[in-house]
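upload.cif follows (mmCIF, C-alpha atoms):
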```cif
data_protein
loop_
_atom_site.group_PDB
_atom_site.id
_atom_site.type_symbol
_atom_site.label_atom_id
_atom_site.label_comp_id
_atom_site.auth_asym_id
_atom_site.auth_seq_id
_atom_site.Cartn_x
_atom_site.Cartn_y
_atom_site.Cartn_z
ATOM 1 C CA MET A 1 53.360 -123.727 44.756
ATOM 2 C CA ASN A 2 51.206 -125.069 41.915
ATOM 3 C CA ASN A 3 50.516 -122.242 39.456
ATOM 4 C CA GLU A 4 47.911 -124.166 37.455
ATOM 5 C CA LYS A 5 45.817 -125.823 40.141
ATOM 6 C CA LEU A 6 42.897 -124.031 41.821
ATOM 7 C CA SER A 7 41.812 -123.845 45.438
ATOM 8 C CA VAL A 8 38.041 -123.321 45.737
ATOM 9 C CA LEU A 9 37.259 -121.416 48.951
ATOM 10 C CA ILE A 10 33.858 -122.020 50.567
ATOM 11 C CA PRO A 11 32.996 -120.753 54.055
ATOM 12 C CA VAL A 12 29.710 -122.204 55.278
ATOM 13 C CA LEU A 13 27.283 -121.996 58.183
ATOM 14 C CA ASN A 14 24.169 -124.183 58.052
ATOM 15 C CA GLY A 15 24.283 -124.537 54.291
ATOM 16 C CA ALA A 16 22.528 -127.915 54.046
ATOM 17 C CA PRO A 17 19.508 -126.845 51.934
ATOM 18 C CA PHE A 18 21.613 -125.992 48.851
ATOM 19 C CA LEU A 19 25.057 -127.402 49.565
ATOM 20 C CA GLU A 20 24.765 -130.600 47.542
ATOM 21 C CA GLU A 21 23.648 -128.660 44.468
ATOM 22 C CA ALA A 22 26.630 -126.332 44.870
ATOM 23 C CA LEU A 23 29.073 -129.237 45.243
ATOM 24 C CA ALA A 24 27.527 -131.054 42.288
ATOM 25 C CA SER A 25 28.237 -128.002 40.111
ATOM 26 C CA LEU A 26 31.905 -128.338 41.077
ATOM 27 C CA GLU A 27 31.884 -132.027 40.226
ATOM 28 C CA GLN A 28 30.645 -131.089 36.738
ATOM 29 C CA GLN A 29 33.443 -128.603 35.977
ATOM 30 C CA THR A 30 35.255 -129.094 32.680
ATOM 31 C CA PHE A 31 38.478 -127.969 34.432
ATOM 32 C CA ARG A 32 39.249 -130.681 36.981
ATOM 33 C CA ASP A 33 42.512 -129.704 38.687
ATOM 34 C CA PHE A 34 41.233 -128.134 41.897
ATOM 35 C CA ASP A 35 40.865 -128.737 45.618
ATOM 36 C CA VAL A 36 37.785 -127.704 47.581
ATOM 37 C CA LEU A 37 38.604 -125.983 50.881
ATOM 38 C CA VAL A 38 35.615 -125.561 53.187
ATOM 39 C CA TRP A 39 35.627 -123.738 56.520
ATOM 40 C CA ASP A 40 32.636 -124.722 58.622
ATOM 41 C CA ASN A 41 31.532 -122.064 61.095
ATOM 42 C CA GLY A 42 29.637 -124.259 63.558
ATOM 43 C CA SER A 43 26.887 -125.745 61.372
ATOM 44 C CA THR A 44 24.156 -127.723 63.158
ATOM 45 C CA ASP A 45 21.850 -128.587 60.255
ATOM 46 C CA GLY A 46 23.612 -131.561 58.678
ATOM 47 C CA THR A 47 26.103 -129.540 56.659
ATOM 48 C CA LEU A 48 29.064 -131.496 58.005
ATOM 49 C CA GLU A 49 27.435 -134.822 57.191
ATOM 50 C CA ILE A 50 26.919 -133.663 53.587
ATOM 51 C CA LEU A 51 30.525 -132.479 53.362
ATOM 52 C CA ASP A 52 31.766 -135.818 54.702
ATOM 53 C CA ARG A 53 29.983 -137.595 51.849
ATOM 54 C CA TRP A 54 31.541 -135.321 49.219
ATOM 55 C CA VAL A 55 35.006 -134.299 50.427
ATOM 56 C CA PRO A 56 37.410 -135.908 49.679
ATOM 57 C CA SER A 57 35.651 -138.988 48.235
ATOM 58 C CA ARG A 58 33.908 -137.169 45.337
ATOM 59 C CA LEU A 59 35.708 -133.838 45.366
ATOM 60 C CA PRO A 60 39.367 -133.533 46.394
ATOM 61 C CA GLY A 61 39.985 -131.169 49.265
ATOM 62 C CA ARG A 62 39.660 -130.580 52.984
ATOM 63 C CA VAL A 63 36.967 -129.546 55.437
ATOM 64 C CA PHE A 64 38.103 -127.405 58.363
ATOM 65 C CA ARG A 65 36.161 -127.730 61.583
ATOM 66 C CA GLY A 66 37.925 -124.967 63.421
ATOM 67 C CA PRO A 67 36.379 -122.383 65.712
ATOM 68 C CA PRO A 68 33.461 -120.450 64.178
ATOM 69 C CA LEU A 69 34.673 -117.258 62.573
ATOM 70 C CA SER A 70 33.160 -114.328 60.726
ATOM 71 C CA LEU A 71 32.909 -114.569 56.945
ATOM 72 C CA GLY A 72 35.950 -112.365 56.431
ATOM 73 C CA LEU A 73 38.141 -114.192 58.923
ATOM 74 C CA SER A 74 37.131 -117.655 57.717
ATOM 75 C CA LEU A 75 38.053 -116.603 54.174
ATOM 76 C CA ALA A 76 41.374 -115.285 55.453
ATOM 77 C CA ARG A 77 42.135 -118.674 57.022
ATOM 78 C CA LEU A 78 41.237 -120.474 53.786
ATOM 79 C CA VAL A 79 43.587 -118.207 51.813
ATOM 80 C CA GLU A 80 46.339 -118.958 54.320
ATOM 81 C CA VAL A 81 45.968 -122.738 54.095
ATOM 82 C CA ALA A 82 45.621 -122.817 50.284
ATOM 83 C CA ASP A 83 48.686 -124.247 48.531
ATOM 84 C CA THR A 84 47.910 -122.838 45.078
ATOM 85 C CA GLU A 85 48.566 -119.415 43.587
ATOM 86 C CA LEU A 86 45.042 -119.185 42.167
ATOM 87 C CA CYS A 87 41.982 -119.254 44.426
ATOM 88 C CA ALA A 88 38.339 -119.331 43.354
ATOM 89 C CA ARG A 89 35.391 -118.220 45.441
ATOM 90 C CA MET A 90 31.853 -119.489 45.613
ATOM 91 C CA ASP A 91 29.156 -119.618 48.264
ATOM 92 C CA ALA A 92 27.532 -122.777 49.544
ATOM 93 C CA ASP A 93 24.173 -121.910 47.959
ATOM 94 C CA ASP A 94 25.385 -120.904 44.481
ATOM 95 C CA ILE A 95 25.744 -122.965 41.302
ATOM 96 C CA CYS A 96 28.751 -122.774 38.988
ATOM 97 C CA HIS A 97 28.383 -123.040 35.224
ATOM 98 C CA PRO A 98 30.206 -126.249 34.147
ATOM 99 C CA ASP A 99 32.723 -124.244 32.124
ATOM 100 C CA ARG A 100 33.286 -121.499 34.710
ATOM 101 C CA PHE A 101 36.801 -122.397 35.856
ATOM 102 C CA ARG A 102 38.087 -123.239 32.391
ATOM 103 C CA GLN A 103 36.910 -119.933 30.942
ATOM 104 C CA GLN A 104 38.210 -117.797 33.800
ATOM 105 C CA LEU A 105 41.598 -119.485 33.801
ATOM 106 C CA ALA A 106 41.899 -119.019 30.047
ATOM 107 C CA PHE A 107 41.096 -115.317 30.537
ATOM 108 C CA LEU A 108 43.789 -114.981 33.208
ATOM 109 C CA ARG A 109 46.352 -116.726 31.025
ATOM 110 C CA GLN A 110 45.548 -114.229 28.276
ATOM 111 C CA HIS A 111 45.828 -111.284 30.705
ATOM 112 C CA PRO A 112 48.430 -112.292 33.311
ATOM 113 C CA ALA A 113 48.814 -108.728 34.640
ATOM 114 C CA LEU A 114 45.401 -108.994 36.275
ATOM 115 C CA ALA A 115 45.270 -109.936 39.954
ATOM 116 C CA LEU A 116 41.601 -110.962 39.822
ATOM 117 C CA VAL A 117 38.873 -111.815 37.354
ATOM 118 C CA GLY A 118 35.181 -112.120 38.143
ATOM 119 C CA THR A 119 32.215 -112.899 35.919
ATOM 120 C CA ASP A 120 28.665 -111.779 35.438
ATOM 121 C CA ARG A 121 25.940 -113.860 37.081
ATOM 122 C CA VAL A 122 22.355 -115.043 36.865
ATOM 123 C CA CYS A 123 20.323 -114.282 39.982
ATOM 124 C CA ILE A 124 18.004 -117.007 41.265
ATOM 125 C CA ASP A 125 15.555 -117.189 44.161
ATOM 126 C CA MET A 126 15.335 -119.810 46.892
ATOM 127 C CA SER A 127 13.492 -122.141 44.505
ATOM 128 C CA GLY A 128 16.072 -121.780 41.741
ATOM 129 C CA ASN A 129 13.891 -119.530 39.568
ATOM 130 C CA VAL A 130 15.678 -116.796 37.619
ATOM 131 C CA VAL A 131 14.917 -113.337 39.016
ATOM 132 C CA GLU A 132 16.008 -109.802 38.327
ATOM 133 C CA GLY A 133 18.580 -108.650 40.799
ATOM 134 C CA GLY A 134 21.936 -107.050 41.334
ATOM 135 C CA SER A 135 23.542 -104.011 39.775
ATOM 136 C CA ARG A 136 25.045 -103.570 36.327
ATOM 137 C CA LEU A 137 28.664 -104.659 36.369
ATOM 138 C CA PRO A 138 31.750 -102.974 34.913
ATOM 139 C CA PHE A 139 33.940 -105.288 32.834
ATOM 140 C CA ALA A 140 37.191 -103.627 31.677
ATOM 141 C CA PRO A 141 39.869 -102.929 34.318
ATOM 142 C CA THR A 142 39.576 -99.137 34.100
ATOM 143 C CA ASP A 143 35.796 -99.346 34.475
ATOM 144 C CA VAL A 144 36.150 -101.683 37.489
ATOM 145 C CA LEU A 145 38.595 -99.219 39.048
ATOM 146 C CA HIS A 146 36.224 -96.291 38.564
ATOM 147 C CA ALA A 147 33.141 -98.160 39.760
ATOM 148 C CA THR A 148 34.898 -99.128 42.996
ATOM 149 C CA LEU A 149 34.944 -95.436 43.927
ATOM 150 C CA VAL A 150 31.249 -95.680 44.766
ATOM 151 C CA GLY A 151 30.833 -99.260 45.974
ATOM 152 C CA PRO A 152 31.612 -102.947 45.416
ATOM 153 C CA ARG A 153 31.094 -103.755 41.739
ATOM 154 C CA ILE A 154 32.882 -107.114 41.606
ATOM 155 C CA TRP A 155 30.549 -110.040 42.254
ATOM 156 C CA HIS A 156 32.387 -111.744 45.115
ATOM 157 C CA PRO A 157 31.312 -115.419 44.625
ATOM 158 C CA THR A 158 32.434 -115.319 40.973
ATOM 159 C CA VAL A 159 36.066 -114.332 41.413
ATOM 160 C CA ILE A 160 39.339 -116.121 40.821
ATOM 161 C CA PHE A 161 42.265 -114.216 42.332
ATOM 162 C CA LYS A 162 46.001 -114.494 42.751
ATOM 163 C CA ARG A 163 46.747 -115.571 46.294
ATOM 164 C CA SER A 164 50.058 -113.677 46.360
ATOM 165 C CA ALA A 165 48.321 -110.389 45.488
ATOM 166 C CA VAL A 166 45.647 -110.866 48.158
ATOM 167 C CA LEU A 167 48.270 -111.678 50.796
ATOM 168 C CA GLN A 168 50.339 -108.686 49.670
ATOM 169 C CA VAL A 169 47.514 -106.293 50.531
ATOM 170 C CA GLY A 170 46.713 -107.925 53.878
ATOM 171 C CA ASN A 171 44.326 -110.780 53.011
ATOM 172 C CA TYR A 172 40.631 -110.722 53.910
ATOM 173 C CA GLN A 173 39.946 -108.763 57.083
ATOM 174 C CA ASP A 174 37.127 -108.117 59.520
ATOM 175 C CA HIS A 175 36.881 -104.844 61.412
ATOM 176 C CA SER A 176 33.390 -105.334 62.768
ATOM 177 C CA THR A 177 32.614 -104.275 66.325
ATOM 178 C CA ILE A 178 29.987 -105.169 68.905
ATOM 179 C CA ASP A 179 28.119 -101.968 68.071
ATOM 180 C CA GLU A 180 28.588 -102.372 64.300
ATOM 181 C CA PRO A 181 28.663 -106.147 63.718
ATOM 182 C CA TYR A 182 28.582 -106.146 59.893
ATOM 183 C CA TRP A 183 31.777 -105.729 57.867
ATOM 184 C CA SER A 184 31.883 -105.551 54.060
ATOM 185 C CA GLU A 185 34.828 -107.936 53.667
ATOM 186 C CA ASP A 186 34.586 -107.977 49.876
ATOM 187 C CA TYR A 187 34.578 -104.187 49.371
ATOM 188 C CA ASP A 188 37.349 -103.871 51.934
ATOM 189 C CA LEU A 189 39.503 -106.304 49.935
ATOM 190 C CA TRP A 190 38.645 -104.776 46.540
ATOM 191 C CA VAL A 191 39.680 -101.273 47.627
ATOM 192 C CA ARG A 192 42.995 -102.533 49.014
ATOM 193 C CA LEU A 193 43.646 -104.804 46.028
ATOM 194 C CA LEU A 194 42.864 -102.116 43.448
ATOM 195 C CA THR A 195 45.256 -99.739 45.181
ATOM 196 C CA HIS A 196 48.060 -101.862 43.717
ATOM 197 C CA HIS A 197 46.606 -104.130 41.020
ATOM 198 C CA LEU A 198 44.058 -104.304 38.209
ATOM 199 C CA ALA A 199 40.977 -106.520 38.064
ATOM 200 C CA ALA A 200 38.413 -107.299 35.386
ATOM 201 C CA THR A 201 35.012 -108.925 35.031
ATOM 202 C CA MET A 202 34.016 -111.264 32.219
ATOM 203 C CA PRO A 203 30.580 -110.593 30.697
ATOM 204 C CA GLU A 204 29.777 -114.311 30.573
ATOM 205 C CA ARG A 205 27.258 -115.376 33.206
ATOM 206 C CA LEU A 206 29.159 -118.236 34.808
ATOM 207 C CA LEU A 207 27.472 -118.406 38.221
ATOM 208 C CA ARG A 208 23.888 -118.759 39.360
ATOM 209 C CA TYR A 209 23.766 -116.520 42.429
ATOM 210 C CA ARG A 210 21.075 -117.314 44.957
ATOM 211 C CA ILE A 211 19.396 -114.306 46.556
ATOM 212 C CA ASN A 212 18.768 -115.498 50.103
ATOM 213 C CA PRO A 213 16.624 -113.066 52.137
ATOM 214 C CA SER A 214 18.073 -114.451 55.370
ATOM 215 C CA GLY A 215 21.679 -114.170 54.142
ATOM 216 C CA VAL A 216 24.149 -111.898 55.883
ATOM 217 C CA THR A 217 24.485 -109.405 53.023
ATOM 218 C CA GLN A 218 20.766 -109.176 52.249
ATOM 219 C CA LYS A 219 19.933 -108.585 55.925
ATOM 220 C CA ALA A 220 22.638 -105.935 56.187
ATOM 221 C CA MET A 221 21.280 -104.131 53.120
ATOM 222 C CA ARG A 222 17.723 -104.133 54.490
ATOM 223 C CA GLU A 223 18.901 -102.790 57.824
ATOM 224 C CA LYS A 224 21.110 -100.156 56.119
ATOM 225 C CA ARG A 225 24.197 -101.583 57.808
ATOM 226 C CA ALA A 226 25.871 -102.337 54.473
ATOM 227 C CA ALA A 227 26.118 -98.635 53.556
ATOM 228 C CA LEU A 228 27.584 -97.841 56.983
ATOM 229 C CA SER A 229 30.150 -100.620 56.640
ATOM 230 C CA ARG A 230 31.203 -99.397 53.194
ATOM 231 C CA ARG A 231 31.690 -95.910 54.569
ATOM 232 C CA ARG A 232 33.956 -97.373 57.265
ATOM 233 C CA VAL A 233 35.925 -99.186 54.553
ATOM 234 C CA TRP A 234 36.316 -95.858 52.757
ATOM 235 C CA GLU A 235 37.530 -94.185 55.954
ATOM 236 C CA ARG A 236 40.233 -96.835 56.324
ATOM 237 C CA HIS A 237 41.534 -97.105 52.786
ATOM 238 C CA ALA A 238 40.391 -94.187 50.600
ATOM 239 C CA SER A 239 43.547 -92.129 51.044
ATOM 240 C CA ALA A 240 45.809 -94.890 49.685
ATOM 241 C CA PHE A 241 43.290 -95.845 47.011
ATOM 242 C CA THR A 242 42.663 -92.339 45.650
ATOM 243 C CA GLY A 243 45.947 -90.585 46.462
ATOM 244 C CA LEU A 244 44.028 -87.893 48.365
ATOM 245 C CA GLN A 245 44.176 -86.707 51.952
ATOM 246 C CA GLN A 246 41.654 -88.627 54.004
ATOM 247 C CA SER A 247 39.572 -85.547 54.781
ATOM 248 C CA VAL A 248 39.322 -84.724 51.069
ATOM 249 C CA ALA A 249 38.440 -88.324 50.178
ATOM 250 C CA MET A 250 35.710 -88.334 52.830
ATOM 251 C CA GLN A 251 34.267 -85.098 51.438
ATOM 252 C CA LEU A 252 33.963 -86.779 48.060
ATOM 253 C CA HIS A 253 32.334 -89.858 49.575
ATOM 254 C CA ASP A 254 29.852 -87.711 51.523
ATOM 255 C CA ARG A 255 29.271 -85.328 48.593
ATOM 256 C CA SER A 256 30.145 -82.372 50.798
ATOM 257 C CA SER A 257 33.010 -80.763 48.854
ATOM 258 C CA GLY A 258 32.386 -77.219 47.710
ATOM 259 C CA PHE A 259 34.653 -77.673 44.676
ATOM 260 C CA ALA A 260 35.542 -81.304 43.901
ATOM 261 C CA LEU A 261 37.241 -80.901 40.528
ATOM 262 C CA PRO A 262 40.833 -80.375 41.854
ATOM 263 C CA ALA A 263 40.541 -83.533 43.966
ATOM 264 C CA LEU A 264 39.134 -85.477 41.028
ATOM 265 C CA TRP A 265 42.061 -84.297 38.888
ATOM 266 C CA ARG A 266 44.568 -85.486 41.515
ATOM 267 C CA MET A 267 42.782 -88.808 41.687
ATOM 268 C CA ALA A 268 42.881 -89.108 37.880
ATOM 269 C CA CYS A 269 46.649 -88.562 38.015
ATOM 270 C CA HIS A 270 47.018 -91.106 40.826
ATOM 271 C CA PHE A 271 45.182 -93.833 38.893
ATOM 272 C CA ARG A 272 47.427 -93.392 35.856
ATOM 273 C CA ARG A 273 50.137 -95.546 37.484
ATOM 274 C CA LEU A 274 47.747 -98.516 37.351
ATOM 275 C CA ASP A 275 46.182 -98.393 33.894
ATOM 276 C CA GLY A 276 48.215 -95.736 32.051
ATOM 277 C CA LEU A 277 45.188 -93.579 31.222
ATOM 278 C CA PRO A 278 46.124 -89.860 30.925
ATOM 279 C CA PRO A 279 44.319 -87.670 33.487
ATOM 280 C CA LEU A 280 42.511 -85.463 30.950
ATOM 281 C CA THR A 281 41.297 -88.560 29.112
ATOM 282 C CA ARG A 282 40.077 -90.027 32.406
ATOM 283 C CA LEU A 283 38.130 -86.860 33.215
ATOM 284 C CA ARG A 284 35.992 -87.463 30.133
ATOM 285 C CA TYR A 285 35.962 -91.250 30.381
ATOM 286 C CA PRO A 286 32.352 -92.513 30.620
ATOM 287 C CA SER A 287 32.792 -94.675 33.727
ATOM 288 C CA PHE A 288 34.763 -91.954 35.531
ATOM 289 C CA LEU A 289 32.066 -89.409 34.698
ATOM 290 C CA GLU A 290 29.496 -91.834 36.086
ATOM 291 C CA ALA A 291 31.443 -92.122 39.335
ATOM 292 C CA MET A 292 31.927 -88.336 39.477
ATOM 293 C CA GLN A 293 28.160 -87.909 39.262
ATOM 294 C CA LYS A 294 27.901 -89.705 42.611
ATOM 295 C CA LEU A 295 30.803 -87.886 44.273
ATOM 296 C CA ILE A 296 30.038 -84.262 43.408
ATOM 297 C CA ALA A 297 27.758 -82.262 45.695
ATOM 298 C CA ARG A 298 24.640 -80.654 44.208
ATOM 299 C CA LYS A 299 25.893 -77.251 45.326
ATOM 300 C CA ASP A 300 29.188 -77.735 43.451
ATOM 301 C CA LEU A 301 28.068 -76.036 40.252
ATOM 302 C CA ALA A 302 31.551 -75.670 38.769
ATOM 303 C CA SER A 303 32.324 -79.391 38.950
ATOM 304 C CA ARG A 304 28.853 -80.233 37.663
ATOM 305 C CA ALA A 305 29.485 -77.977 34.707
ATOM 306 C CA TRP A 306 32.515 -80.126 33.858
ATOM 307 C CA LEU A 307 30.308 -83.200 33.968
ATOM 308 C CA LYS A 308 28.175 -81.681 31.228
ATOM 309 C CA VAL A 309 31.225 -80.677 29.191
ATOM 310 C CA GLY A 310 32.824 -84.095 29.634
ATOM 311 C CA ARG A 311 29.725 -85.846 28.308
ATOM 312 C CA LEU A 312 29.733 -83.628 25.216
ATOM 313 C CA LEU A 313 33.358 -84.320 24.342
ATOM 314 C CA LYS A 314 34.268 -87.191 22.056
ATOM 315 C CA PRO A 315 34.238 -90.329 24.266
ATOM 316 C CA ALA A 316 37.586 -91.805 25.108
ATOM 317 C CA PRO A 317 38.412 -95.062 23.348
ATOM 318 C CA PRO A 318 37.748 -98.217 25.358
ATOM 319 C CA ASP A 319 40.743 -99.348 27.346
ATOM 320 C CA ALA A 320 42.586 -102.475 26.342
ATOM 321 C CA LEU A 321 42.995 -105.332 28.775
ATOM 322 C CA PRO A 322 46.583 -105.769 29.945
ATOM 323 C CA THR A 323 48.401 -108.659 28.333
ATOM 324 C CA ASP A 324 51.584 -108.706 30.422
#
```
Structure encoded using structure tokens:
Amino acid sequence: MNNEKLSVLIPVLNGAPFLEEALASLEQQTFRDFDVLVWDNGSTDGTLEILDRWVPSRLPGRVFRGPPLSLGLSLARLVEVADTELCARMDADDICHPDRFRQQLAFLRQHPALALVGTDRVCIDMSGNVVEGGSRLPFAPTDVLHATLVGPRIWHPTVIFKRSAVLQVGNYQDHSTIDEPYWSEDYDLWVRLLTHHLAATMPERLLRYRINPSGVTQKAMREKRAALSRRRVWERHASAFTGLQQSVAMQLHDRSSGFALPALWRMACHFRRLDGLPPLTRLRYPSFLEAMQKLIARKDLASRAWLKVGRLLKPAPPDALPTD
């Protein structure tokens, strides 16, 4: 398996309006050793004709015209067919900065213990205009770990990950049902991946992310299905992720614990095996305190008192990125 080459994973369904711009941004990359792997999910708008003009004549790679799959399952198939250790993600309506791959790969070479690195992004509208959007991202591995306690804080289309690590934790999955058709495949993968590995985000804005009102994620957020899906992810994986009994982890998620501090202490001990941060230091660590704020019930006055104390204590030093 080639440890230097990249596989760029792009699932697509009717992506014709922006696909050529996305592919052109790959053609302009300063790092050139990559294959583009596209899984088409039954496009009828000319997407396949565009892909035939680009792949493999202008961009090396393959286009898969298999049966239409969900986003999570089409990504899982692309991971399976990739023949490189490193895989990059992007969507068919996004635009990569020309130096994106080179910078991310240099970051991973500097910090080989990481299983994944994402970047910050610039949000654009359907006309390509820059807009405000998205949440503030954590960057250092410990901050990414803490932020994942309350939701997905890795920008999915920006990531480069180690294929072996993703396969180790079960690859992309889809547990949607007829009654609940949306599944948060990115948050599901992040929680499983961060149970065993560290990830980081680069502050450089190396992707222009298009906010598409008709996109799957945007529709799910408007219809409040995204929050339900993330709760289902938590039900499946929180015990392994946090080191807590599932019932205790669900109480934290639902902010229904009468006294959360013992569970938070156990979780702080559990996370130490990943980043080496002592539990007492973690309990006053800014990003952990921020997560605690969203996990502690209003009625839990004792745990809220610790939040106030923790903020008054001398802040913990920023964690160093792993180098081996």
Can you check which parts of segment 172-215 of chain A lie within 10 Å of segment 11-32 of chain A? Per residue, the shortest pair of atoms and distance in Å to one decimal, counting all atoms listed in the file, sorted by chain and number, as JSON lines.
```
{"residue": "A:Leu207", "atom": "CA", "partner": "A:Ser25", "partner_atom": "CA", "distance": 9.8}
{"residue": "A:Arg208", "atom": "CA", "partner": "A:Ala22", "partner_atom": "CA", "distance": 9.8}
{"residue": "A:Arg210", "atom": "CA", "partner": "A:Phe18", "partner_atom": "CA", "distance": 9.5}
```
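The space between atom CA of Val81 of chain A and atom CA of Gln103 of chain A spans 25.0 Å.
Proximity of A:Val122, A:Val8, A:Val233, A:Ala268 to Leu280 of chain A, computed with all atoms listed in the file, is greatest for A:Ala268.
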Please provide as a ChimeraX atom specification all residues within 7 Å of segment 82-94 of chain A, with the sequence filter that same-chain residues fewer than 3 positions apart are discarded (counting only C-alpha atoms). /A:1-3,5-10,12,15,18-19,22,78-79,157-164,208-210
Which residues, named as in the file, does the PyMOL selection byres ((chain A and resi 307) around 12) pick out? Answer as number ranges by chain. A: 260-261, 264, 283-296, 298, 300-306, 308-313
Mind writing the picked residues with C-alpha atoms as a PDB file, in the coordinates of the input?
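File written: again.pdb
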```pdb
ATOM      1  CA  ALA A 260      35.542 -81.304  43.901  1.00  0.00           C
ATOM      2  CA  LEU A 261      37.241 -80.901  40.528  1.00  0.00           C
ATOM      3  CA  LEU A 264      39.134 -85.477  41.028  1.00  0.00           C
ATOM      4  CA  LEU A 283      38.130 -86.860  33.215  1.00  0.00           C
ATOM      5  CA  ARG A 284      35.992 -87.463  30.133  1.00  0.00           C
ATOM      6  CA  TYR A 285      35.962 -91.250  30.381  1.00  0.00           C
ATOM      7  CA  PRO A 286      32.352 -92.513  30.620  1.00  0.00           C
ATOM      8  CA  SER A 287      32.792 -94.675  33.727  1.00  0.00           C
ATOM      9  CA  PHE A 288      34.763 -91.954  35.531  1.00  0.00           C
ATOM     10  CA  LEU A 289      32.066 -89.409  34.698  1.00  0.00           C
ATOM     11  CA  GLU A 290      29.496 -91.834  36.086  1.00  0.00           C
ATOM     12  CA  ALA A 291      31.443 -92.122  39.335  1.00  0.00           C
ATOM     13  CA  MET A 292      31.927 -88.336  39.477  1.00  0.00           C
ATOM     14  CA  GLN A 293      28.160 -87.909  39.262  1.00  0.00           C
ATOM     15  CA  LYS A 294      27.901 -89.705  42.611  1.00  0.00           C
ATOM     16  CA  LEU A 295      30.803 -87.886  44.273  1.00  0.00           C
ATOM     17  CA  ILE A 296      30.038 -84.262  43.408  1.00  0.00           C
ATOM     18  CA  ARG A 298      24.640 -80.654  44.208  1.00  0.00           C
ATOM     19  CA  ASP A 300      29.188 -77.735  43.451  1.00  0.00           C
ATOM     20  CA  LEU A 301      28.068 -76.036  40.252  1.00  0.00           C
ATOM     21  CA  ALA A 302      31.551 -75.670  38.769  1.00  0.00           C
ATOM     22  CA  SER A 303      32.324 -79.391  38.950  1.00  0.00           C
ATOM     23  CA  ARG A 304      28.853 -80.233  37.663  1.00  0.00           C
ATOM     24  CA  ALA A 305      29.485 -77.977  34.707  1.00  0.00           C
ATOM     25  CA  TRP A 306      32.515 -80.126  33.858  1.00  0.00           C
ATOM     26  CA  LYS A 308      28.175 -81.681  31.228  1.00  0.00           C
ATOM     27  CA  VAL A 309      31.225 -80.677  29.191  1.00  0.00           C
ATOM     28  CA  GLY A 310      32.824 -84.095  29.634  1.00  0.00           C
ATOM     29  CA  ARG A 311      29.725 -85.846  28.308  1.00  0.00           C
ATOM     30  CA  LEU A 312      29.733 -83.628  25.216  1.00  0.00           C
ATOM     31  CA  LEU A 313      33.358 -84.320  24.342  1.00  0.00           C
TER      32      LEU A 313
END
```
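Proximity to Gly170 of chain A was assessed for A:Pro213, A:Gly72, A:Pro279, A:Pro112 counting only C-alpha atoms; the smallest distance is recorded for A:Gly72.
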Would you kindly translate the PyMOL selection byres ((chain A and resi 192-205) around 7) into the concrete residues it picks from this file, as an NGL selection string? :A and (114-122 or 138-141 or 144-145 or 166 or 169 or 188-191 or 206-207 or 237 or 240-241 or 274)
To verify the selection step, state as a count of residues only which residues the PyMOL selection byres ((chain A and resi 61) around 8) yields on this input. 9
Minimum-distance residue to Thr148 of chain A, chosen among A:Asp179, A:Asp186, A:Glu132, A:Glu80 (using all atoms listed in the file): A:Asp186
One decimal, Å: what's the distance from atom CA of Ala147 of chain A over to atom CA of Tyr182 of chain A, could you say? 22.1 Å
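Coordinates place atom CA of Ile154 of chain A at a distance of 14.3 Å from atom CA of Gln104 of chain A.
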Given all atoms listed in the file as the counted atoms, nearest of A:Arg232, A:Arg136, A:Ile124, A:Trp265 to Thr177 of chain A: A:Arg232
Give the centre and edge lengths of an axis-aligned box, in Å to one decimal, that holds all listed atoms of segment 22-32 of chain A with 6 Å on each side, as JSON.
```
{"center_x": 32.9, "center_y": -129.2, "center_z": 39.0, "size_x": 24.6, "size_y": 17.7, "size_z": 24.6}
```
Fix up segment 7-15 of chain A with N, CA and C atoms, then write it as an mmCIF file, in the coordinates of the input.
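File out-v2.cif, as written:
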```cif
data_model
loop_
_atom_site.group_PDB
_atom_site.id
_atom_site.type_symbol
_atom_site.label_atom_id
_atom_site.label_comp_id
_atom_site.auth_asym_id
_atom_site.auth_seq_id
_atom_site.Cartn_x
_atom_site.Cartn_y
_atom_site.Cartn_z
ATOM 1 N N SER A 7 42.436 -123.579 44.142
ATOM 2 C CA SER A 7 41.812 -123.845 45.438
ATOM 3 C C SER A 7 40.460 -123.139 45.447
ATOM 4 N N VAL A 8 39.387 -123.886 45.707
ATOM 5 C CA VAL A 8 38.041 -123.321 45.737
ATOM 6 C C VAL A 8 37.668 -123.081 47.199
ATOM 7 N N LEU A 9 37.454 -121.819 47.551
ATOM 8 C CA LEU A 9 37.259 -121.416 48.951
ATOM 9 C C LEU A 9 35.772 -121.260 49.248
ATOM 10 N N ILE A 10 35.280 -122.047 50.229
ATOM 11 C CA ILE A 10 33.858 -122.020 50.567
ATOM 12 C C ILE A 10 33.705 -121.960 52.086
ATOM 13 N N PRO A 11 33.405 -120.796 52.653
ATOM 14 C CA PRO A 11 32.996 -120.753 54.055
ATOM 15 C C PRO A 11 31.509 -121.103 54.147
ATOM 16 N N VAL A 12 31.106 -121.784 55.203
ATOM 17 C CA VAL A 12 29.710 -122.204 55.278
ATOM 18 C C VAL A 12 29.230 -122.215 56.721
ATOM 19 N N LEU A 13 27.975 -121.874 56.902
ATOM 20 C CA LEU A 13 27.283 -121.996 58.183
ATOM 21 C C LEU A 13 25.857 -122.417 57.883
ATOM 22 N N ASN A 14 25.521 -123.649 58.273
ATOM 23 C CA ASN A 14 24.169 -124.183 58.052
ATOM 24 C C ASN A 14 23.747 -124.039 56.585
ATOM 25 N N GLY A 15 24.547 -124.633 55.726
ATOM 26 C CA GLY A 15 24.283 -124.537 54.291
ATOM 27 C C GLY A 15 23.599 -125.746 53.691
#
```
